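Participant: I'd like to ask you about the structure that follows.
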Amino acid sequence: MVATGARIKFTYEDYCNAPEDKRYELHDGDLILVPSPNQPHQKTSRELTTEINLLIRRTGIGEVYSAPFDVVLSDTDVVQPDVIFVSRERAHIVTLNNIQGAPDLVVEVLSPSTAHRDRTFKRALYARHGVREFWLVNTDAHTIEVLQLEEEGYRTVGTYSAGQTLTSPTLTGFSLKIDDIF
């Protein structure tokens with residue numbers, strides 16, 4: 001724990017010593033309690049992980065992981081995206097206990113309690129640390145927004161909804177019928 005003025009900043013070591021019966025993330029040294037996801041969130045996350053895993057089985061392009069699995073972006077930034085993809089070329093960042101560095105793709109399924117943080121803080125955090133592709137999944141609107149990292153930050157590649165098929169700049173050969181997810 002590092003004291004900065006009146007504010008205490010937690011480190012990765014502090015985070016590792018947090019109670020195991022709760023989900024936490026570390027955002028710029030602030031320890032954030034993350035509530036358990038609701039049923040639509042869980043189902044959507046599972047379906048997306050399954051679809052990406054089917055591509056991986058066919059192509060061997062990398063590995064997919066689902067929360068809770070720590071992504072250590074820095075000593076004061078540790079997140080647990082809902083779905084995480086790491087390419088075969090970057091497999092060295094995956095350890096037994098966590099991912100050390102920016103995955104190629106992260107997916108955040110929006111919940112009422114986390115949507116604002118996912119759209120703002122996490123979007124900026126992922127861009128700053130070099131996550132190439134970021135999806136924001138809205139289970140209420142049945143949409144998936146695909147963002148690709150460019151020099152000045154994320155650019156929306158597409159927002160996909162009912163009747164449409166999502167494609168990914170990072171997952172070559174991947175296509176997903178939105179109706180199959182929601």
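Just remember, in the structure tokens the first chain shown is A, the second B, etc., residues are 1-based per chain, and ligands are 1-based in the order shown.
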Would you pick out the contacts of range 132-143 of chain A at 6 Å or less, using only C-alpha atoms, so that residues sharing its chain but fewer than 3 positions from it are not included, and give the list as a JSON list (two decimals) with all heavy atoms, in the first residue's frame?
Facilitator:
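Okay, out.json is ready:
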```
[["chain", "number", "residue", "atom", "x", "y", "z"],
["A", 104, "ASP", "N", -4.94, -9.15, -26.74],
["A", 104, "ASP", "CA", -5.25, -8.66, -28.08],
["A", 104, "ASP", "C", -6.68, -8.13, -28.15],
["A", 104, "ASP", "O", -6.96, -7.18, -28.89],
["A", 104, "ASP", "CB", -5.06, -9.78, -29.10],
["A", 104, "ASP", "CG", -3.62, -10.24, -29.17],
["A", 104, "ASP", "OD1", -2.87, -9.67, -29.97],
["A", 104, "ASP", "OD2", -3.24, -11.15, -28.41],
["A", 105, "LEU", "N", -7.59, -8.76, -27.41],
["A", 105, "LEU", "CA", -9.00, -8.41, -27.43],
["A", 105, "LEU", "C", -9.58, -8.58, -26.03],
["A", 105, "LEU", "O", -9.30, -9.59, -25.37],
["A", 105, "LEU", "CB", -9.76, -9.33, -28.41],
["A", 105, "LEU", "CG", -11.28, -9.37, -28.34],
["A", 105, "LEU", "CD1", -11.90, -8.07, -28.82],
["A", 105, "LEU", "CD2", -11.83, -10.53, -29.15],
["A", 106, "VAL", "N", -10.36, -7.60, -25.59],
["A", 106, "VAL", "CA", -11.13, -7.75, -24.36],
["A", 106, "VAL", "C", -12.58, -7.42, -24.65],
["A", 106, "VAL", "O", -12.89, -6.57, -25.49],
["A", 106, "VAL", "CB", -10.60, -6.89, -23.19],
["A", 106, "VAL", "CG1", -9.21, -7.30, -22.79],
["A", 106, "VAL", "CG2", -10.67, -5.42, -23.48],
["A", 107, "VAL", "N", -13.46, -8.11, -23.95],
["A", 107, "VAL", "CA", -14.90, -7.90, -24.08],
["A", 107, "VAL", "C", -15.45, -7.56, -22.70],
["A", 107, "VAL", "O", -15.18, -8.27, -21.73],
["A", 107, "VAL", "CB", -15.60, -9.17, -24.61],
["A", 107, "VAL", "CG1", -17.11, -8.97, -24.67],
["A", 107, "VAL", "CG2", -15.03, -9.59, -25.96],
["A", 108, "GLU", "N", -16.18, -6.47, -22.63],
["A", 108, "GLU", "CA", -16.89, -6.10, -21.41],
["A", 108, "GLU", "C", -18.38, -6.16, -21.70],
["A", 108, "GLU", "O", -18.87, -5.48, -22.59],
["A", 108, "GLU", "CB", -16.50, -4.69, -20.95],
["A", 108, "GLU", "CG", -15.07, -4.54, -20.48],
["A", 108, "GLU", "CD", -14.75, -5.21, -19.15],
["A", 108, "GLU", "OE1", -15.67, -5.78, -18.51],
["A", 108, "GLU", "OE2", -13.58, -5.16, -18.74],
["A", 109, "VAL", "N", -19.08, -7.03, -20.96],
["A", 109, "VAL", "CA", -20.53, -7.11, -21.04],
["A", 109, "VAL", "C", -21.05, -6.11, -20.01],
["A", 109, "VAL", "O", -20.74, -6.22, -18.82],
["A", 109, "VAL", "CB", -21.04, -8.54, -20.76],
["A", 109, "VAL", "CG1", -22.56, -8.59, -20.83],
["A", 109, "VAL", "CG2", -20.42, -9.54, -21.74],
["A", 110, "LEU", "N", -21.80, -5.13, -20.48],
["A", 110, "LEU", "CA", -22.23, -4.04, -19.62],
["A", 110, "LEU", "C", -23.28, -4.49, -18.60],
["A", 110, "LEU", "O", -24.20, -5.23, -18.93],
["A", 110, "LEU", "CB", -22.79, -2.90, -20.46],
["A", 110, "LEU", "CG", -21.87, -2.34, -21.54],
["A", 110, "LEU", "CD1", -22.59, -1.29, -22.38],
["A", 110, "LEU", "CD2", -20.60, -1.78, -20.93],
["A", 146, "VAL", "N", -17.84, -2.78, -31.59],
["A", 146, "VAL", "CA", -16.47, -3.23, -31.79],
["A", 146, "VAL", "C", -15.59, -2.01, -32.00],
["A", 146, "VAL", "O", -15.84, -1.21, -32.90],
["A", 146, "VAL", "CB", -16.36, -4.19, -33.00],
["A", 146, "VAL", "CG1", -14.92, -4.56, -33.27],
["A", 146, "VAL", "CG2", -17.21, -5.44, -32.76],
["A", 147, "LEU", "N", -14.57, -1.87, -31.15],
["A", 147, "LEU", "CA", -13.65, -0.73, -31.22],
["A", 147, "LEU", "C", -12.25, -1.24, -31.52],
["A", 147, "LEU", "O", -11.83, -2.27, -30.98],
["A", 147, "LEU", "CB", -13.65, 0.03, -29.89],
["A", 147, "LEU", "CG", -15.02, 0.57, -29.48],
["A", 147, "LEU", "CD1", -15.51, -0.14, -28.24],
["A", 147, "LEU", "CD2", -14.94, 2.04, -29.24],
["A", 148, "GLN", "N", -11.54, -0.52, -32.36],
["A", 148, "GLN", "CA", -10.17, -0.88, -32.74],
["A", 148, "GLN", "C", -9.24, 0.24, -32.32],
["A", 148, "GLN", "O", -9.54, 1.43, -32.53],
["A", 148, "GLN", "CB", -10.07, -1.14, -34.24],
["A", 148, "GLN", "CG", -8.71, -1.65, -34.66],
["A", 148, "GLN", "CD", -8.71, -2.04, -36.13],
["A", 148, "GLN", "OE1", -9.50, -1.56, -36.94],
["A", 148, "GLN", "NE2", -7.80, -2.93, -36.49],
["A", 149, "LEU", "N", -8.10, -0.14, -31.75],
["A", 149, "LEU", "CA", -7.14, 0.84, -31.27],
["A", 149, "LEU", "C", -6.38, 1.47, -32.43],
["A", 149, "LEU", "O", -5.87, 0.78, -33.31],
["A", 149, "LEU", "CB", -6.14, 0.18, -30.31],
["A", 149, "LEU", "CG", -5.17, 1.12, -29.60],
["A", 149, "LEU", "CD1", -5.90, 2.15, -28.76],
["A", 149, "LEU", "CD2", -4.20, 0.31, -28.75],
["A", 160, "TYR", "N", -23.13, -3.64, -33.91],
["A", 160, "TYR", "CA", -23.91, -4.72, -34.51],
["A", 160, "TYR", "C", -25.13, -5.02, -33.65],
["A", 160, "TYR", "O", -25.06, -5.07, -32.43],
["A", 160, "TYR", "CB", -23.04, -5.97, -34.65],
["A", 160, "TYR", "CG", -21.80, -5.72, -35.49],
["A", 160, "TYR", "CD1", -20.61, -5.28, -34.91],
["A", 160, "TYR", "CD2", -21.84, -5.90, -36.87],
["A", 160, "TYR", "CE1", -19.49, -5.04, -35.69],
["A", 160, "TYR", "CE2", -20.71, -5.65, -37.65],
["A", 160, "TYR", "CZ", -19.54, -5.22, -37.05],
["A", 160, "TYR", "OH", -18.43, -4.98, -37.82],
["A", 161, "SER", "N", -26.26, -5.25, -34.33],
["A", 161, "SER", "CA", -27.52, -5.53, -33.63],
["A", 161, "SER", "C", -28.27, -6.65, -34.35],
["A", 161, "SER", "O", -27.74, -7.27, -35.28],
["A", 161, "SER", "CB", -28.36, -4.25, -33.55],
["A", 161, "SER", "OG", -28.61, -3.74, -34.83]]
```
Participant: Mind the document's chain letters and residue numbers, and return as a ChimeraX atom specification the residues of range 34-88 of chain A that DSSP labels strand (DSSP E or B).
Facilitator: /A:34,62-66,71-74,77-79,83-87
Participant: Residues as selected, all heavy atoms, written as a CSV table (one decimal), in the first residue's frame, can you do that?
Facilitator:
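Printed below is again.csv as written:
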```
chain,number,residue,atom,x,y,z
A,34,VAL,N,-16.3,-5.6,-7.4
A,34,VAL,CA,-17.2,-5.8,-8.6
A,34,VAL,C,-18.3,-6.8,-8.2
A,34,VAL,O,-18.0,-7.9,-7.8
A,34,VAL,CB,-16.3,-6.4,-9.7
A,34,VAL,CG1,-17.1,-6.6,-11.0
A,34,VAL,CG2,-15.1,-5.5,-10.0
A,62,GLY,N,-4.9,-18.7,-31.0
A,62,GLY,CA,-4.6,-18.2,-29.7
A,62,GLY,C,-5.4,-18.9,-28.6
A,62,GLY,O,-5.9,-20.0,-28.8
A,63,GLU,N,-5.7,-18.2,-27.5
A,63,GLU,CA,-6.5,-18.7,-26.4
A,63,GLU,C,-7.5,-17.7,-26.0
A,63,GLU,O,-7.3,-16.5,-26.0
A,63,GLU,CB,-5.6,-19.1,-25.2
A,63,GLU,CG,-4.7,-20.3,-25.5
A,63,GLU,CD,-5.5,-21.6,-25.6
A,63,GLU,OE1,-6.6,-21.8,-25.1
A,63,GLU,OE2,-4.9,-22.5,-26.3
A,64,VAL,N,-8.7,-18.2,-25.5
A,64,VAL,CA,-9.7,-17.4,-25.0
A,64,VAL,C,-9.9,-17.7,-23.5
A,64,VAL,O,-9.8,-18.9,-23.1
A,64,VAL,CB,-11.0,-17.5,-25.8
A,64,VAL,CG1,-11.6,-18.9,-25.7
A,64,VAL,CG2,-12.0,-16.4,-25.3
A,65,TYR,N,-10.1,-16.7,-22.7
A,65,TYR,CA,-10.3,-16.9,-21.2
A,65,TYR,C,-11.6,-16.1,-20.8
A,65,TYR,O,-11.9,-15.1,-21.5
A,65,TYR,CB,-9.1,-16.3,-20.5
A,65,TYR,CG,-7.8,-17.0,-20.9
A,65,TYR,CD1,-7.0,-16.4,-21.8
A,65,TYR,CD2,-7.4,-18.2,-20.3
A,65,TYR,CE1,-5.8,-17.0,-22.2
A,65,TYR,CE2,-6.2,-18.8,-20.7
A,65,TYR,CZ,-5.5,-18.2,-21.7
A,65,TYR,OH,-4.3,-18.8,-22.1
A,66,SER,N,-12.2,-16.5,-19.7
A,66,SER,CA,-13.3,-15.7,-19.2
A,66,SER,C,-13.1,-15.4,-17.8
A,66,SER,O,-12.3,-16.0,-17.1
A,66,SER,CB,-14.6,-16.5,-19.4
A,66,SER,OG,-14.5,-17.8,-18.8
A,71,VAL,N,-6.1,-9.7,-15.4
A,71,VAL,CA,-5.2,-9.1,-16.4
A,71,VAL,C,-4.4,-7.9,-15.7
A,71,VAL,O,-5.0,-6.9,-15.3
A,71,VAL,CB,-6.0,-8.5,-17.6
A,71,VAL,CG1,-5.1,-7.8,-18.6
A,71,VAL,CG2,-6.8,-9.6,-18.3
A,72,VAL,N,-3.1,-8.1,-15.6
A,72,VAL,CA,-2.3,-7.2,-14.9
A,72,VAL,C,-1.7,-6.2,-15.9
A,72,VAL,O,-0.8,-6.6,-16.6
A,72,VAL,CB,-1.2,-7.9,-14.1
A,72,VAL,CG1,-0.3,-6.9,-13.3
A,72,VAL,CG2,-1.8,-8.9,-13.1
A,73,LEU,N,-2.3,-5.0,-15.9
A,73,LEU,CA,-1.8,-4.0,-16.9
A,73,LEU,C,-0.7,-3.2,-16.3
A,73,LEU,O,0.2,-2.7,-17.0
A,73,LEU,CB,-3.0,-3.1,-17.3
A,73,LEU,CG,-4.1,-3.9,-18.1
A,73,LEU,CD1,-5.3,-2.9,-18.2
A,73,LEU,CD2,-3.6,-4.4,-19.4
A,74,SER,N,-0.7,-3.0,-15.0
A,74,SER,CA,0.4,-2.4,-14.3
A,74,SER,C,0.3,-2.8,-12.8
A,74,SER,O,-0.6,-3.5,-12.4
A,74,SER,CB,0.3,-0.8,-14.4
A,74,SER,OG,-0.8,-0.3,-13.6
A,77,ASP,N,-3.1,-1.3,-11.9
A,77,ASP,CA,-4.2,-1.5,-12.7
A,77,ASP,C,-4.4,-3.0,-13.0
A,77,ASP,O,-3.6,-3.6,-13.8
A,77,ASP,CB,-4.1,-0.8,-14.1
A,77,ASP,CG,-4.2,0.7,-13.9
A,77,ASP,OD1,-5.3,1.1,-13.4
A,77,ASP,OD2,-3.3,1.5,-14.2
A,78,VAL,N,-5.4,-3.7,-12.4
A,78,VAL,CA,-5.6,-5.1,-12.6
A,78,VAL,C,-7.1,-5.2,-12.8
A,78,VAL,O,-8.0,-4.7,-12.0
A,78,VAL,CB,-5.3,-5.9,-11.3
A,78,VAL,CG1,-5.5,-7.4,-11.6
A,78,VAL,CG2,-3.8,-5.7,-11.0
A,79,VAL,N,-7.5,-5.8,-14.0
A,79,VAL,CA,-8.9,-5.9,-14.4
A,79,VAL,C,-9.2,-7.4,-14.6
A,79,VAL,O,-8.4,-8.2,-14.8
A,79,VAL,CB,-9.2,-5.1,-15.6
A,79,VAL,CG1,-9.1,-3.6,-15.3
A,79,VAL,CG2,-8.3,-5.4,-16.7
A,83,VAL,N,-14.5,-11.4,-21.2
A,83,VAL,CA,-13.9,-12.3,-22.2
A,83,VAL,C,-12.5,-11.7,-22.6
A,83,VAL,O,-12.4,-10.5,-22.8
A,83,VAL,CB,-14.8,-12.5,-23.5
A,83,VAL,CG1,-14.1,-13.6,-24.4
A,83,VAL,CG2,-16.2,-13.0,-23.0
A,84,ILE,N,-11.5,-12.6,-22.7
A,84,ILE,CA,-10.2,-12.2,-23.0
A,84,ILE,C,-9.6,-13.1,-24.1
A,84,ILE,O,-9.7,-14.3,-24.0
A,84,ILE,CB,-9.3,-12.3,-21.8
A,84,ILE,CG1,-9.9,-11.6,-20.6
A,84,ILE,CG2,-7.9,-11.8,-22.1
A,84,ILE,CD1,-9.4,-12.2,-19.2
A,85,PHE,N,-9.0,-12.5,-25.2
A,85,PHE,CA,-8.3,-13.2,-26.2
A,85,PHE,C,-6.9,-12.8,-26.3
A,85,PHE,O,-6.6,-11.6,-26.3
A,85,PHE,CB,-9.0,-13.0,-27.6
A,85,PHE,CG,-8.2,-13.6,-28.7
A,85,PHE,CD1,-8.1,-15.0,-28.9
A,85,PHE,CD2,-7.4,-12.8,-29.5
A,85,PHE,CE1,-7.4,-15.5,-30.0
A,85,PHE,CE2,-6.6,-13.3,-30.5
A,85,PHE,CZ,-6.6,-14.7,-30.8
A,86,VAL,N,-6.0,-13.8,-26.3
A,86,VAL,CA,-4.6,-13.6,-26.4
A,86,VAL,C,-4.1,-14.4,-27.6
A,86,VAL,O,-4.3,-15.7,-27.7
A,86,VAL,CB,-3.8,-14.0,-25.2
A,86,VAL,CG1,-2.3,-13.8,-25.4
A,86,VAL,CG2,-4.2,-13.2,-24.0
A,87,SER,N,-3.5,-13.8,-28.6
A,87,SER,CA,-3.1,-14.5,-29.8
A,87,SER,C,-1.9,-15.4,-29.5
A,87,SER,O,-1.2,-15.2,-28.5
A,87,SER,CB,-2.6,-13.5,-30.9
A,87,SER,OG,-1.5,-12.7,-30.4
```
Participant: Pick out each residue of chain A that DSSP on the backbone tags as alpha helix (DSSP H); I need them as a PyMOL selection string.
Facilitator: chain A and resi 12-16+39-59+115-117+123-129
Participant: Please determine, counting only C-alpha atoms, which residue among A:Asn98, A:Gly130, A:Leu125, A:Ile52 has the shortest atom-to-atom distance to Thr167 in chain A.
Facilitator: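 Ranking A:Asn98, A:Gly130, A:Leu125, A:Ile52 by distance to Thr167 in chain A, first place goes to A:Ile52.
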Participant: To one decimal in Å, tell me the separation between CA of Thr95 in chain A and CA of Gln80 in chain A.
Facilitator: 14.7 Å
Participant: Thr11 in chain A: which residues within 10 Å, counting only C-alpha atoms, same-chain residues fewer than 5 positions away excluded, as a PDB file with C-alpha atoms, in the first residue's frame?
Facilitator:
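Now in part-v1.pdb:
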```pdb
ATOM      1  CA  MET A   1       0.000   0.000   0.000  1.00  0.00           C
ATOM      2  CA  VAL A   2       1.341   3.391  -0.990  1.00  0.00           C
ATOM      3  CA  CYS A  16      -3.598 -10.439  -4.242  1.00  0.00           C
ATOM      4  CA  LEU A  26      -7.587  -2.436  -9.211  1.00  0.00           C
ATOM      5  CA  HIS A  27      -8.176   0.871 -11.025  1.00  0.00           C
ATOM      6  CA  ASP A  28      -5.312   3.330 -10.693  1.00  0.00           C
ATOM      7  CA  GLY A  29      -4.605   2.036  -7.200  1.00  0.00           C
ATOM      8  CA  ASP A  30      -8.265   2.073  -6.093  1.00  0.00           C
ATOM      9  CA  LEU A  31      -9.588  -1.316  -4.967  1.00  0.00           C
ATOM     10  CA  SER A  74       0.420  -2.351 -14.283  1.00  0.00           C
ATOM     11  CA  ASP A  75       1.151  -2.590 -10.575  1.00  0.00           C
ATOM     12  CA  THR A  76      -1.900  -0.372  -9.914  1.00  0.00           C
ATOM     13  CA  ASP A  77      -4.241  -1.544 -12.727  1.00  0.00           C
ATOM     14  CA  VAL A  78      -5.644  -5.084 -12.583  1.00  0.00           C
TER      15      VAL A  78
END
```
Participant: If we count only C-alpha atoms and set the cut-off at 9 Å, which residues sit around Ala124 in chain A, ignoring sequence neighbours fewer than 5 positions away in its own chain? Please answer as a list in words.
Facilitator: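 In the requested format, the answer is Arg119, His129, Gly153 and Tyr154 of chain A.
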Participant: Mind dumping a table of every range 101-182 of chain A residue within 9 Å of range 53-61 of chain A, with the nearest atom pair and its distance in Å to one decimal, using only C-alpha atoms, sorted by chain and rising number, as a Markdown table?
Facilitator:
```
| residue | atom | partner | partner_atom | distance |
| --- | --- | --- | --- | --- |
| A:Leu171 | CA | A:Ile61 | CA | 8.2 |
| A:Thr172 | CA | A:Ile61 | CA | 8.7 |
| A:Gly173 | CA | A:Leu55 | CA | 7.8 |
| A:Phe174 | CA | A:Leu55 | CA | 6.6 |
```
Participant: Determine the nearest neighbour of Arg46 in chain A from the options A:Glu89, A:Asp82, A:Glu25, A:Glu145, counting only C-alpha atoms.
Facilitator: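 Among the listed residues, the smallest separation from Arg46 in chain A belongs to A:Asp82.
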